[in-house]
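Student: One structure, as structure tokens, below. Some questions next.
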Amino acid sequence: MPTRPTGNRSAAPTSGQRTLMLALATLGFALNFWAWALISPLGTRFKDSLGLSSFQQSLLVAVPVIVGSLGRIPVGALTDRYGGRLMFPLVSAATIVPVLYLGLVGHSSLTALLIGGFFLGIGGTAFAVGVPFVNAWFPPERRGTAIGIFGAGMGGTAISALTTVNLVKSHGIAAPFVLTAIALAVYVVLAFALLRDAPNRTAPTEPLARRLGEALRLRVTWRASALYAVTFGGYVAFSVYLPTFLKTAYGLQQADAANRMAGFVLLAVLMRPVGGWLSDRTGPVQVLSWALAATAFGALLQSFTPPLAPLGTMAFLTMAAALGAGSGATFTLVARLAPAKQVGSVTGVVGAAGGLGGFVQPLTLGAVYGSYHSYAAGLLALTAIAVTAAVFTTTRVHRAVPA
């Protein structure tokens with residue numbers, strides 16, 4: 001593939017430079033994910049104030065997920081071409097607009113919320129900027145750990161879960177949105193001033209459509225997409241739908257449910273770099289296999305709606321740890337198998353698949369509960385999918401990974 005050099009190829013990056021770039025990328029990812037998740041903690045509030053059905057509420061929290069997921073495909077390819085130094089501040093600046101719209105004027109009707117949520121999805125594309133950016137800064141033997149640490153930026157959803165409801169109660173509906181917009185604006189300035197692309201990065205010169213086509217022809221793209229749809233898709237689904245699930249199934253108050261969701265998110269966030277670190281040492285196949293088996297166990301246990309203390313909590317925390325570790329392991333797989341100049345394009349497609357998994361699962365849970373007044377069928381489906389993915393990992397994927 002034709003490429004053109006960017007930066008000083010003779011200057012090897014220092015450990016300090018790598019650490020700074022990883023920290024800035026992780027911060028940008030966390031802030032954009034904070035913005036991306038602003039609607040979810042307020043889902044039950046909007047359901048009550050606007051008289052939404054269970055499906056409408058699920059759609060409301062799922063729209064930013066689907067847009068952020070599909071948007072990763074072009075954004076990942078654009079990052080291959082233009083680099084994270086440009087794309088990080090651009091994505092962050094663009095996210096400020098829907099955040100302010102939702103906080104100031106776009107929360108009075110379902111239509112307005114859906115419009116705002118659609119454009120809020122831009123924040124979810126930051127993931128496809130960060131993976132190729134970080135990947136280029138680190139040598140192959142350290143990429144699993146580095147990308148796992150970057151992936152911990154998905155904890156931005158925990159910031160939203162912990163602060164949004166309380167800020168609305170204390171200062172009004174606009175408060176969390178305005179605060180997030182200010183944080184994003186500060187990051188835009190910081191990113192323009194300090195972010196640098198890796199000195200050995202090469203930018204492809206072929207058209208975007210051709211590069212995406214080449215990425216789609218790679219087996220690793222489809223294999224990693226299937227696995228990420230289960231692991232990260234499961235994480236996204238529970239991070240946006242868990243407050244509703246806990247309120248409906250266990251009768252928890254909104255603030256209590258949001259805090260428990262934050263605990264789920266924080267554990268998953270902590271386990272993502274652990275999954276990457278373990279994958280660097282034992283291999284991504286082993287980590288993924290155990291993570292998917294644990295996910296199946298947690299989903300099966302929760303399908304019986306056991307008492308929240310202790311079995312229900314244990315089921316959710318098991319899934320959180322497993323989904324976080326599995327998400328980290330999946331991108332170690334991408335770092336090992338994807339050509340260096342196509343990491344952004346592959347990441348975009350894989351990231352989109354993960355987000356689509358997160359889009360479908362809340363809608364499925366909402367629809368299942370609306371029909372049967374129980375979440376059991378949806379959780380049993382997740383169990384079956386996780387078991388199938390574990391078998392796929394130990395067979396097809398295992399044979400594709402070099403020893």
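The way I read the labels, and the way they are meant: chains A, B, ... in the order of the structure tokens, residue 1 as the first residue of every chain, and ligand 1 as the first ligand shown, with later ones counted on from there.
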I'd like the neighbourhood of Gly117 in chain A as a list of chain:residue names, where a residue qualifies if any of its atoms comes within 8 Å (using only C-alpha atoms), though same-chain residues fewer than 4 positions away should be ignored.

Tutor: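 Listed by chain and then number, they are A:Ile39, A:Leu60, A:Val61, A:Val63, A:Pro64, A:Pro98, A:Leu102, A:Leu113, A:Gly121.
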
Student: Using only C-alpha atoms, which protein or nucleic acid residues come within 10 Å of range 251-268 of chain A? Drop anything in the same chain fewer than 6 positions from it, and give the result as a VMD selection string.

Tutor: chain A and resid 40 to 45 152 154 to 166 232 235 to 236 238 to 245 274 313 316 to 328

Student: Using only C-alpha atoms, what table do you get, as JSON lines, when you list each residue of range 189-267 of chain A with an atom no more than 10 Å from range 290-293 of chain A, its nearest pair of atoms, and their distance in Å rounded to one decimal, rows by chain then rising number?

Tutor:
{"residue": "A:Leu227", "atom": "CA", "partner": "A:Leu292", "partner_atom": "CA", "distance": 9.1}
{"residue": "A:Val230", "atom": "CA", "partner": "A:Leu292", "partner_atom": "CA", "distance": 8.3}
{"residue": "A:Thr231", "atom": "CA", "partner": "A:Leu292", "partner_atom": "CA", "distance": 7.6}

Student: Find the residues near Val349 in chain A: any atom within 12 Å, counting only C-alpha atoms, skip ones fewer than 2 places away on the same chain, and give them as JSON, numbers by chain.

Tutor: {"A": [68, 69, 70, 71, 72, 73, 74, 75, 76, 77, 125, 127, 128, 211, 212, 213, 214, 215, 216, 217, 218, 220, 221, 222, 223, 224, 225, 226, 228, 229, 334, 342, 343, 344, 345, 346, 347, 351, 352, 353, 354, 355, 356]}

Student: Taking the backbone alone, and naming residues the way the document does, which bits of range 178-301 of chain A are alpha helix (DSSP H) by DSSP, as a ChimeraX atom specification?

Tutor: /A:178-194,208-216,219-250,254-282,284-301

Student: Rank A:Ala174, A:Leu194, A:Ile149, A:Ala183 by their smallest atom-to-atom distance to Asn32 in chain A, using only C-alpha atoms, and report the top residue only.

Tutor: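 Answer, going by the shortest atom-to-atom distance: A:Ala183.
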
Student: Measuring between only C-alpha atoms, which one of A:Pro307, A:Pro339, A:Pro273, A:Gly233 shows the shortest distance to Pro362 in chain A?

Tutor: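 For Pro362 in chain A, the nearest of the candidates is A:Gly233.
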
Student: What is the CA of Thr383 in chain A to CA of Gly298 in chain A distance in Å?

Tutor: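 CA of Gly298 in chain A lies 8.1 Å from CA of Thr383 in chain A.
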
Student: Have a look at A:Thr393, A:Ser53, A:Asn135, A:Thr248 and name the one nearest to Ala340 in chain A; count only C-alpha atoms.

Tutor: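 Looking at the shortest contact to Ala340 in chain A, the residue is A:Asn135.
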
Student: From the options A:Val401, A:Val67, A:Ala193, A:Leu301, which residue's atoms come nearest to Trp36 in chain A, counting only C-alpha atoms?

Tutor: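 Nearest candidate to Trp36 in chain A out of A:Val401, A:Val67, A:Ala193, A:Leu301: A:Val67.
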
Student: Which polymer residues have any atom within 7 Å of an atom of Arg142 in chain A, counting only C-alpha atoms, with same-chain residues fewer than 4 positions away left out, as a PyMOL selection string?

Tutor: chain A and resi 138+146+280

Student: Next, the residues of the selection above should be written as a PDB file, in the first residue's frame with all heavy atoms.

Tutor:
ATOM      1  N   PHE A 138       3.913   2.289  20.522  1.00  0.00           N
ATOM      2  CA  PHE A 138       4.478   1.223  21.344  1.00  0.00           C
ATOM      3  C   PHE A 138       4.938   0.042  20.489  1.00  0.00           C
ATOM      4  O   PHE A 138       4.334  -0.260  19.453  1.00  0.00           O
ATOM      5  CB  PHE A 138       3.447   0.748  22.370  1.00  0.00           C
ATOM      6  CG  PHE A 138       3.243   1.723  23.499  1.00  0.00           C
ATOM      7  CD1 PHE A 138       2.383   2.803  23.363  1.00  0.00           C
ATOM      8  CD2 PHE A 138       3.932   1.575  24.686  1.00  0.00           C
ATOM      9  CE1 PHE A 138       2.213   3.715  24.386  1.00  0.00           C
ATOM     10  CE2 PHE A 138       3.768   2.471  25.729  1.00  0.00           C
ATOM     11  CZ  PHE A 138       2.904   3.554  25.581  1.00  0.00           C
ATOM     12  N   ALA A 146      -0.520  -1.422  26.616  1.00  0.00           N
ATOM     13  CA  ALA A 146      -0.764  -0.009  26.317  1.00  0.00           C
ATOM     14  C   ALA A 146      -2.195   0.232  25.858  1.00  0.00           C
ATOM     15  O   ALA A 146      -2.871   1.162  26.324  1.00  0.00           O
ATOM     16  CB  ALA A 146       0.221   0.481  25.255  1.00  0.00           C
ATOM     17  N   ASP A 280      -0.493 -10.028  26.707  1.00  0.00           N
ATOM     18  CA  ASP A 280       0.908  -9.889  26.315  1.00  0.00           C
ATOM     19  C   ASP A 280       1.745 -11.052  26.840  1.00  0.00           C
ATOM     20  O   ASP A 280       2.764 -11.416  26.241  1.00  0.00           O
ATOM     21  CB  ASP A 280       1.489  -8.574  26.856  1.00  0.00           C
ATOM     22  CG  ASP A 280       1.124  -7.377  25.995  1.00  0.00           C
ATOM     23  OD1 ASP A 280       0.736  -7.570  24.820  1.00  0.00           O
ATOM     24  OD2 ASP A 280       1.233  -6.239  26.485  1.00  0.00           O
TER      25      ASP A 280
END

Student: Using Å and a single decimal, report how far CA of Thr26 in chain A sits from CA of Met87 in chain A.

Tutor: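 CA of Thr26 in chain A lies at a distance of 14.0 Å from CA of Met87 in chain A.
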
Student: For Tyr369 in chain A, which of A:Ala249, A:Arg336, A:Val105, A:Gly312 is the closest residue, counting only C-alpha atoms?

Tutor: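 When distances to Tyr369 in chain A are compared using only C-alpha atoms, the smallest one comes from A:Ala249.
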